[in-house]
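To start, the structure under review is shown below, and the notes come after it.
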Amino acid sequence: MSDGLTVLLIEDDAAHAEIARRNLSPYGLRELVHADDGQAALDLLFGGGLVPDLILLDLRLPRVDGFEVLRRVKAEAALRHVPVIVLTTSSAEADVCSAYKGGASSYLVKPVDFERFVAMMRAFGAFWLDHNRMPH
């Protein structure tokens, strides 16, 4: 189990956010903070003092897109160490390359099929929140 990690989920689709919340909660999260657009995420990170243990980031966001959020997180010394996992519907090679070039730790494409998406979130939770170890 994780040691009570705080995860920032940056996701504008309420249904996708709920799938993530339900399938990550069994892993003993300290907190799952949800921002529904890029600007809200930046406000939490830069104005609200949030330093999560892990960020799940959609790319196609209102107000400020995910690439800009990623750029700002990786440019900030206090946040640079935080793993950023891109969780998006885009499978475009240019997006994958841009995300990794920008410092993403992983790139996951959300399946259209509900059951496959649930299975992916469970596998993600098992790996990142149960098996993986991160410094605190």
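Chain labels A, B, ... are given in the sequence in which chains occur in the structure tokens; within each chain residues are numbered consecutively from 1, and ligands are likewise numbered from 1 in the order shown.
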> Any idea what's packed within 7 Å of stretch 114-126 of chain A, counting only C-alpha atoms, ignoring anything in its chain fewer than 5 positions away? Could you give it as a PyMOL selection string?
Replying inline: chain A and resi 19-20+23-24+27+131
> Where does DSSP see strand (DSSP E) in chain A, if you list the residues as a ChimeraX atom specification?
Replying inline: /A:6-10,31-35,54-57,84-88,106-109
Serialized selection, C-alpha atoms, as a PDB file, in the first residue's frame:
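The resulting part_20.pdb:
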ATOM      1  CA  THR A   6      -1.770  12.927  -2.181  1.00  0.00           C
ATOM      2  CA  VAL A   7      -2.728  12.762  -5.856  1.00  0.00           C
ATOM      3  CA  LEU A   8      -3.728  15.762  -7.929  1.00  0.00           C
ATOM      4  CA  LEU A   9      -6.138  14.720 -10.682  1.00  0.00           C
ATOM      5  CA  ILE A  10      -6.435  17.364 -13.408  1.00  0.00           C
ATOM      6  CA  GLU A  31      -6.152  12.681  -0.521  1.00  0.00           C
ATOM      7  CA  LEU A  32      -7.265  12.900  -4.130  1.00  0.00           C
ATOM      8  CA  VAL A  33      -7.527  16.560  -5.100  1.00  0.00           C
ATOM      9  CA  HIS A  34      -9.478  17.238  -8.282  1.00  0.00           C
ATOM     10  CA  ALA A  35      -9.025  20.262 -10.541  1.00  0.00           C
ATOM     11  CA  LEU A  54       1.688  12.414  -7.965  1.00  0.00           C
ATOM     12  CA  ILE A  55      -0.142  14.327 -10.710  1.00  0.00           C
ATOM     13  CA  LEU A  56      -2.574  12.739 -13.167  1.00  0.00           C
ATOM     14  CA  LEU A  57      -2.887  15.190 -16.049  1.00  0.00           C
ATOM     15  CA  VAL A  84       3.341  13.667 -13.839  1.00  0.00           C
ATOM     16  CA  ILE A  85       1.316  10.937 -15.506  1.00  0.00           C
ATOM     17  CA  VAL A  86      -0.474  12.063 -18.642  1.00  0.00           C
ATOM     18  CA  LEU A  87      -3.953  10.502 -18.798  1.00  0.00           C
ATOM     19  CA  THR A  88      -5.621  11.574 -22.023  1.00  0.00           C
ATOM     20  CA  SER A 106       4.266   8.165 -18.202  1.00  0.00           C
ATOM     21  CA  TYR A 107       1.668   8.577 -20.962  1.00  0.00           C
ATOM     22  CA  LEU A 108      -1.608   6.670 -20.734  1.00  0.00           C
ATOM     23  CA  VAL A 109      -4.333   6.770 -23.372  1.00  0.00           C
TER      24      VAL A 109
END
>> Please report the interatomic distance between atom CA of A:Val96 and atom CA of A:Pro62 in Å with one decimal.
In response: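 Here the two named atoms are 19.6 Å from each other.
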> If you count only C-alpha atoms, which residues fall within 10 Å of stretch 67-72 of chain A, apart from same-chain ones fewer than 3 positions away, as a ChimeraX atom specification?
Replying inline: /A:10,37-39,41-42,45-46,55,57-61,64,75-76,79-80,84-86,95,98-104
>> What parts of chain A does DSSP call alpha helix (DSSP H)? I'd like the answer as an NGL selection string.
In response: :A and (14-24 or 38-42 or 66-75 or 93-101 or 114-124)
